[in-house]
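Chemist: Attaching a single structure in structure tokens format; questions to follow.
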Amino acid sequence: MKSILLFGYGSFGKQLYKNLSKLGHDIKVITTLEEYVDLEKNKEIDIKQINIKRNDDILSLGINPDRDMLYCSMNKTANNLFLVLTLRTLFPQANIIAISNSFENTRKLEYAGANSVIDLYEATSRRIVNILTKPAVTRALDEIVYHQNDLKMAEIVLPKNSPVSGKFVRDVEFKKMGIVLIAIIDKELGQELIFTDHRINHKLDFDDILVVVAKDKDLDHFKRYLFE
Amino acid sequence: MKQTKHRLLSFAYHIEASKRYHTLKKFVYNLIENDSYPHKKYFDFFMIMVILTSVTLLVIDVKHHIPVWLDHLDLYVVTSVFIAEYLARMWVYSDIHKIIIDEYEEGFYFEKNVSIFHIFNIIIKDKWGYISSVSAIIDLIAILPSYRGLRVLRILVLFRAFKMLRYTKSLTGFLYVLKNKKFELITLLTLSAFFIFIAGIMLYVFEGDNDNPNINNLFDAFYWALITISTVGYGDIAPVTPEGRVVTMLIIITGIGLISFVTSIIVSSFNERLSVLREGRVIQDVGKKKHITVVCGYGLLGRLVVKGLEKDGVEFVVIDKDEHLAAQAYNHGYHSICADASQGDIFRQLGIESRITHVLCLTSDDIQNAFIAINIKSLNKDVYVTARCSDEEIAQKMEFAHVDHVIMPEEISGMMGAVYAGEPVAFEVLLSIIEEKEKTQIDEVDITKDSFLDGVSIGEIDFEKLRIILLGVFRNNDSSQIGKFIFNPDDDFALSVNDSLVCIGYTTAIANLKSRM
């Protein structure tokens, strides 16, 4: 459960809100347009209108950079860029994530201080090309990434004294448990994300992070197995 | 009389019922008139060769005497080819037997007596439409054998050269230019004729009375005016009096203006026409392909998709309503056409029935995308249509219209954003998988017949050695179009032909596996 400030409630913002609220995060929506506030008056959305050009308005939101995640998803690129810049100047420590609509803007948003940028057209175009050239991959991603089935990608931080602690990846029966291990952050090797394509036989330890794909049911089983 | 009419009618019905007649006529029509018929080019080439032979003979004949047999070849063979072609064109121009049947049936239903002369009258009127067309007149003159006796008439052979225009599409395109700018060109022509007229008369008045030995009559003066105004200036006739020189100065200044004006009109008209010619070429090129994907819209998303398609070796053509965007796509080296994708014409030209396999509707306007998608589906429902859409309600309507894949860019970013909030590491994995920018990628490997994986069960494959993570198997069903993705299949799952392994791995590892297939 994270505390999230979502700037912008256009087509990007609405989708973000939908997905974030599904996961049960605590979301506060900030918009520049009065009409969005009116529109959502009767729904249970915490929405507030401000003028992003004024620092006072932004400071009045009471942002806590250590706790809050800041999502910048204004539909107008110029506004979004300016917003990222403002937030970065006001809160040098904050975690800022921005939506971009082109490779060009991704560069600018990163320069302005976004920690992470989602380039929506890049991802979309890849998906469209895959429909033509890689139908099987498309189908698999539809089920895993776009949740058209009970398949899911998830990350798991290994707890202390878990049953797999000290074991090597090859020795753990992931497949039998319905789990496909894709990537790992092996703390012994640093913070780098490594795909587990069998080139290295990682030793699993406390605090290592596993990225897995599994069915919801199997994932629950696996988590219970690790944490009990 | 009645018997003749009866015979005529039964003959017409006989032809109408004859399959062979229709096949033959269709073949001849395709060969000489249908530009999209693939074998027409052989006919065109043959005709151009015949014409060139005939013109070459004419040129050689100027200085050297050609042997009699060549003369006869020119006179009989070339002429017969032309006559045959002329008659064939007249034949395929319209159907006589249909006219007879129509007239008779009309007479029958309205109890009117139709005379043979009336029918002949209609037939002749109908064919006259062909005979009186410009190209048919050129053809007819070209048939006239070369009159080697009369020098002026010899030039008629050059009408054969004119005929060449028929067989080369790009040349006919240029004639349209002149036709398009008819009004401007006529205006300018009148204007220059007026200047030549005035200048010619002035010069004749000033220098015609023995001052200038080169100007003997009005024709000389007009000839001089034309040569001067066109800035050619041979100098065979030059003004000698101060008055004449003043006229010359004025006419030269006007001439420069006029010439540049005419040039600019023709050039701009050519430019307009060039894009049309280019698009004709694109349609021709596309016609040679077996499968083609049509990308509608060359905006931000269209550009990225096109780049991806090019990288993956998919044959495609870009359509955009906006001239600049279409031109941009062309400048980037892609097949592009400036056309309205919500209309049927362009898709029919590109071969919606046979060639087009996928259509991607990627304009920034949802409603436009829906419009295009419905247009395609109504033309041919088997074409796979992918549409981009931002509005969920419109997306639902698209799905209702059987659009095969509706893609919402905002949905993708929304989903990714949500993953980032809770699981930043999974987000990183997703990003690299979805954007395919890293060296580790998700890909599919098709199991081919008799390959080393055909019939093998999953447990027998050493994925560790292959350095590949197996996500699952995509099984193509023969019965239904859509296959099934089987996640993490059991060890005893047996692979068969048409299955695809969906796996994650280093690009070289996957390429290695693919090459072994």
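For the structure tokens, the naming scheme is as follows: chains receive sequential letters (A, B, ...) according to their order of presentation, residues are indexed from 1 within each chain, and ligands are indexed from 1 in presentation order.
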For chain B against chain A, which residues fall within 8 Å using only C-alpha atoms, given as a PyMOL selection string?

Modeler: chain B and resi 300-302+304-305+308-309+312+314+358+386+390-391+407-418+421-423+425-426+429-430+434-436+440+442-444+464-465+467-472+474+485+488+500-502+504-506

Chemist: If we count only C-alpha atoms, what is near Ile137 in chain B at a cut-off of 12 Å, once residues fewer than 4 positions away on the same chain are taken out, given as a list in words?

Modeler: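 Counting only the stated atoms, we get Tyr86, Met90, Trp128, Gly129, Tyr130, Ile131, Ser132, Ser133, Ile141, Ala142, Ile143, Leu144, Phe159, Arg160, Phe162 and Lys163 of chain B.
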
Chemist: Could you tell me, as a PyMOL selection string, which residues of range 246-352 of chain B DSSP assigns to alpha helix (DSSP H) when given the backbone?

Modeler: chain B and resi 246-288+300-311+323-331+345-350

Chemist: Pull the strand (DSSP E) assignments for range 40-168 of chain A out of DSSP run on the backbone, and list those residues as a list in words.

Modeler: Ile47, Lys48, Gln49, Asp68, Met69, Leu70, Tyr71, Cys72, Asn95, Ile96, Ile97, Ala98, Ile99, Ser100, Ser116, Val117, Ile118, Asp119, Leu151, Lys152, Met153, Ala154, Glu155, Ile156 and Val157 of chain A

Chemist: Would you put the residues from that selection into a file with N, CA and C atoms, as a PDB file, in the first residue's frame?

Modeler:
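Full text of result.pdb as output:
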ATOM      1  N   ILE A  47      -9.909  14.259  -5.312  1.00  0.00           N
ATOM      2  CA  ILE A  47      -9.389  15.053  -6.424  1.00  0.00           C
ATOM      3  C   ILE A  47      -9.339  16.530  -6.039  1.00  0.00           C
ATOM      4  N   LYS A  48      -8.267  17.173  -6.456  1.00  0.00           N
ATOM      5  CA  LYS A  48      -8.086  18.575  -6.087  1.00  0.00           C
ATOM      6  C   LYS A  48      -7.557  19.346  -7.286  1.00  0.00           C
ATOM      7  N   GLN A  49      -8.027  20.599  -7.422  1.00  0.00           N
ATOM      8  CA  GLN A  49      -7.562  21.392  -8.550  1.00  0.00           C
ATOM      9  C   GLN A  49      -6.539  22.411  -8.076  1.00  0.00           C
ATOM     10  N   ASP A  68       5.607   9.712  -0.306  1.00  0.00           N
ATOM     11  CA  ASP A  68       4.723   9.785  -1.479  1.00  0.00           C
ATOM     12  C   ASP A  68       5.460   9.479  -2.785  1.00  0.00           C
ATOM     13  N   MET A  69       4.744   8.775  -3.664  1.00  0.00           N
ATOM     14  CA  MET A  69       5.251   8.617  -5.035  1.00  0.00           C
ATOM     15  C   MET A  69       4.514   9.624  -5.898  1.00  0.00           C
ATOM     16  N   LEU A  70       5.263  10.307  -6.762  1.00  0.00           N
ATOM     17  CA  LEU A  70       4.647  11.356  -7.572  1.00  0.00           C
ATOM     18  C   LEU A  70       4.525  10.895  -9.026  1.00  0.00           C
ATOM     19  N   TYR A  71       3.307  10.774  -9.500  1.00  0.00           N
ATOM     20  CA  TYR A  71       3.063  10.363 -10.889  1.00  0.00           C
ATOM     21  C   TYR A  71       2.706  11.592 -11.720  1.00  0.00           C
ATOM     22  N   CYS A  72       3.465  11.853 -12.764  1.00  0.00           N
ATOM     23  CA  CYS A  72       3.163  12.989 -13.637  1.00  0.00           C
ATOM     24  C   CYS A  72       2.568  12.463 -14.933  1.00  0.00           C
ATOM     25  N   ASN A  95      10.399  10.504  -5.377  1.00  0.00           N
ATOM     26  CA  ASN A  95      10.375   9.485  -6.421  1.00  0.00           C
ATOM     27  C   ASN A  95       9.354   9.920  -7.475  1.00  0.00           C
ATOM     28  N   ILE A  96       9.843  10.359  -8.625  1.00  0.00           N
ATOM     29  CA  ILE A  96       8.951  10.906  -9.652  1.00  0.00           C
ATOM     30  C   ILE A  96       8.906   9.975 -10.858  1.00  0.00           C
ATOM     31  N   ILE A  97       7.698   9.651 -11.270  1.00  0.00           N
ATOM     32  CA  ILE A  97       7.552   8.821 -12.472  1.00  0.00           C
ATOM     33  C   ILE A  97       6.679   9.581 -13.469  1.00  0.00           C
ATOM     34  N   ALA A  98       7.091   9.593 -14.732  1.00  0.00           N
ATOM     35  CA  ALA A  98       6.381  10.401 -15.724  1.00  0.00           C
ATOM     36  C   ALA A  98       5.990   9.564 -16.935  1.00  0.00           C
ATOM     37  N   ILE A  99       4.895  10.001 -17.578  1.00  0.00           N
ATOM     38  CA  ILE A  99       4.444   9.350 -18.811  1.00  0.00           C
ATOM     39  C   ILE A  99       4.946  10.176 -19.992  1.00  0.00           C
ATOM     40  N   SER A 100       5.493   9.499 -20.986  1.00  0.00           N
ATOM     41  CA  SER A 100       5.982  10.213 -22.158  1.00  0.00           C
ATOM     42  C   SER A 100       5.319   9.636 -23.399  1.00  0.00           C
ATOM     43  N   SER A 116      11.801   7.674 -13.342  1.00  0.00           N
ATOM     44  CA  SER A 116      11.465   6.649 -14.309  1.00  0.00           C
ATOM     45  C   SER A 116      10.462   7.227 -15.302  1.00  0.00           C
ATOM     46  N   VAL A 117      10.613   6.863 -16.566  1.00  0.00           N
ATOM     47  CA  VAL A 117       9.715   7.383 -17.594  1.00  0.00           C
ATOM     48  C   VAL A 117       9.094   6.213 -18.348  1.00  0.00           C
ATOM     49  N   ILE A 118       7.787   6.242 -18.476  1.00  0.00           N
ATOM     50  CA  ILE A 118       7.105   5.210 -19.265  1.00  0.00           C
ATOM     51  C   ILE A 118       6.780   5.808 -20.620  1.00  0.00           C
ATOM     52  N   ASP A 119       7.397   5.247 -21.653  1.00  0.00           N
ATOM     53  CA  ASP A 119       7.150   5.736 -23.005  1.00  0.00           C
ATOM     54  C   ASP A 119       6.006   4.930 -23.598  1.00  0.00           C
ATOM     55  N   LEU A 151      -2.799 -15.386 -15.091  1.00  0.00           N
ATOM     56  CA  LEU A 151      -1.338 -15.339 -15.033  1.00  0.00           C
ATOM     57  C   LEU A 151      -0.871 -13.969 -14.556  1.00  0.00           C
ATOM     58  N   LYS A 152       0.279 -13.950 -13.924  1.00  0.00           N
ATOM     59  CA  LYS A 152       0.721 -12.695 -13.336  1.00  0.00           C
ATOM     60  C   LYS A 152       2.227 -12.659 -13.220  1.00  0.00           C
ATOM     61  N   MET A 153       2.799 -11.479 -13.362  1.00  0.00           N
ATOM     62  CA  MET A 153       4.213 -11.324 -13.076  1.00  0.00           C
ATOM     63  C   MET A 153       4.320 -10.645 -11.720  1.00  0.00           C
ATOM     64  N   ALA A 154       5.225 -11.105 -10.885  1.00  0.00           N
ATOM     65  CA  ALA A 154       5.315 -10.526  -9.548  1.00  0.00           C
ATOM     66  C   ALA A 154       6.755 -10.554  -9.066  1.00  0.00           C
ATOM     67  N   GLU A 155       7.058  -9.691  -8.116  1.00  0.00           N
ATOM     68  CA  GLU A 155       8.394  -9.737  -7.523  1.00  0.00           C
ATOM     69  C   GLU A 155       8.273 -10.165  -6.066  1.00  0.00           C
ATOM     70  N   ILE A 156       9.237 -10.921  -5.653  1.00  0.00           N
ATOM     71  CA  ILE A 156       9.210 -11.429  -4.278  1.00  0.00           C
ATOM     72  C   ILE A 156      10.564 -11.155  -3.629  1.00  0.00           C
ATOM     73  N   VAL A 157      10.541 -10.501  -2.479  1.00  0.00           N
ATOM     74  CA  VAL A 157      11.785 -10.280  -1.733  1.00  0.00           C
ATOM     75  C   VAL A 157      11.937 -11.457  -0.778  1.00  0.00           C
TER      76      VAL A 157
END

Chemist: So that I can check the surroundings of Asp186 in chain A, please list as a list of chain:residue names every protein, DNA and RNA residue that reaches within 8 Å of it, counting only C-alpha atoms and ignoring chain neighbours fewer than 5 positions away.

Modeler: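 Surrounding residues, per the criterion: A:Gln191, A:Glu192, A:Leu193, A:Ile194, A:His202, A:Lys203, A:Leu204, A:Asp205, A:Asp208, A:Ile209.
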
Chemist: Which value, in Å to one decimal, gives the distance between CA of Asn271 in chain B and CA of His335 in chain B?

Modeler: 18.1 Å

Chemist: Would you compute the distance between CA of Met517 in chain B and CA of Thr448 in chain B? Give it in Å to one decimal.

Modeler: 6.2 Å

Chemist: Give me the residues near Tyr93 in chain B as a ChimeraX atom specification, where near means some atom within 10 Å (using only C-alpha atoms) and where sequence neighbours in that chain fewer than 2 positions away do not count.

Modeler: /B:29,33,87-91,95-96,126-127,129-131

Chemist: What does the file look like for those residues with N, CA and C atoms, as a PDB file, in the first residue's frame?

Modeler:
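Generated output (selection_2.pdb):
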ATOM      1  N   TYR B  29      -8.915  -7.912 -73.695  1.00  0.00           N
ATOM      2  CA  TYR B  29      -9.095  -6.651 -72.982  1.00  0.00           C
ATOM      3  C   TYR B  29      -7.963  -6.436 -71.979  1.00  0.00           C
ATOM      4  N   GLU B  33      -5.743  -3.272 -72.557  1.00  0.00           N
ATOM      5  CA  GLU B  33      -6.283  -2.109 -71.862  1.00  0.00           C
ATOM      6  C   GLU B  33      -6.072  -2.114 -70.348  1.00  0.00           C
ATOM      7  N   LEU B  87      -8.389  -2.935 -84.599  1.00  0.00           N
ATOM      8  CA  LEU B  87      -9.662  -3.664 -84.601  1.00  0.00           C
ATOM      9  C   LEU B  87      -9.922  -4.296 -83.228  1.00  0.00           C
ATOM     10  N   ALA B  88      -8.861  -4.815 -82.618  1.00  0.00           N
ATOM     11  CA  ALA B  88      -9.036  -5.435 -81.302  1.00  0.00           C
ATOM     12  C   ALA B  88      -9.533  -4.418 -80.283  1.00  0.00           C
ATOM     13  N   ARG B  89      -8.964  -3.221 -80.349  1.00  0.00           N
ATOM     14  CA  ARG B  89      -9.399  -2.185 -79.406  1.00  0.00           C
ATOM     15  C   ARG B  89     -10.856  -1.809 -79.648  1.00  0.00           C
ATOM     16  N   MET B  90     -11.225  -1.754 -80.925  1.00  0.00           N
ATOM     17  CA  MET B  90     -12.607  -1.416 -81.249  1.00  0.00           C
ATOM     18  C   MET B  90     -13.529  -2.540 -80.753  1.00  0.00           C
ATOM     19  N   TRP B  91     -13.045  -3.773 -80.873  1.00  0.00           N
ATOM     20  CA  TRP B  91     -13.844  -4.930 -80.461  1.00  0.00           C
ATOM     21  C   TRP B  91     -14.118  -4.907 -78.956  1.00  0.00           C
ATOM     22  N   ASP B  95     -19.805  -4.233 -76.294  1.00  0.00           N
ATOM     23  CA  ASP B  95     -20.342  -5.517 -76.741  1.00  0.00           C
ATOM     24  C   ASP B  95     -21.514  -5.306 -77.699  1.00  0.00           C
ATOM     25  N   ILE B  96     -21.309  -5.669 -78.942  1.00  0.00           N
ATOM     26  CA  ILE B  96     -22.377  -5.496 -79.933  1.00  0.00           C
ATOM     27  C   ILE B  96     -23.564  -6.408 -79.610  1.00  0.00           C
ATOM     28  N   ASP B 126     -22.370   3.725 -81.140  1.00  0.00           N
ATOM     29  CA  ASP B 126     -21.610   3.241 -79.992  1.00  0.00           C
ATOM     30  C   ASP B 126     -20.126   3.138 -80.331  1.00  0.00           C
ATOM     31  N   LYS B 127     -19.825   2.511 -81.438  1.00  0.00           N
ATOM     32  CA  LYS B 127     -18.424   2.330 -81.826  1.00  0.00           C
ATOM     33  C   LYS B 127     -17.787   3.652 -82.229  1.00  0.00           C
ATOM     34  N   GLY B 129     -17.958   6.264 -80.714  1.00  0.00           N
ATOM     35  CA  GLY B 129     -17.361   6.798 -79.484  1.00  0.00           C
ATOM     36  C   GLY B 129     -15.891   6.424 -79.410  1.00  0.00           C
ATOM     37  N   TYR B 130     -15.571   5.218 -79.862  1.00  0.00           N
ATOM     38  CA  TYR B 130     -14.164   4.817 -79.867  1.00  0.00           C
ATOM     39  C   TYR B 130     -13.415   5.476 -81.024  1.00  0.00           C
ATOM     40  N   ILE B 131     -14.024   5.382 -82.222  1.00  0.00           N
ATOM     41  CA  ILE B 131     -13.334   5.870 -83.422  1.00  0.00           C
ATOM     42  C   ILE B 131     -12.972   7.344 -83.302  1.00  0.00           C
TER      43      ILE B 131
END
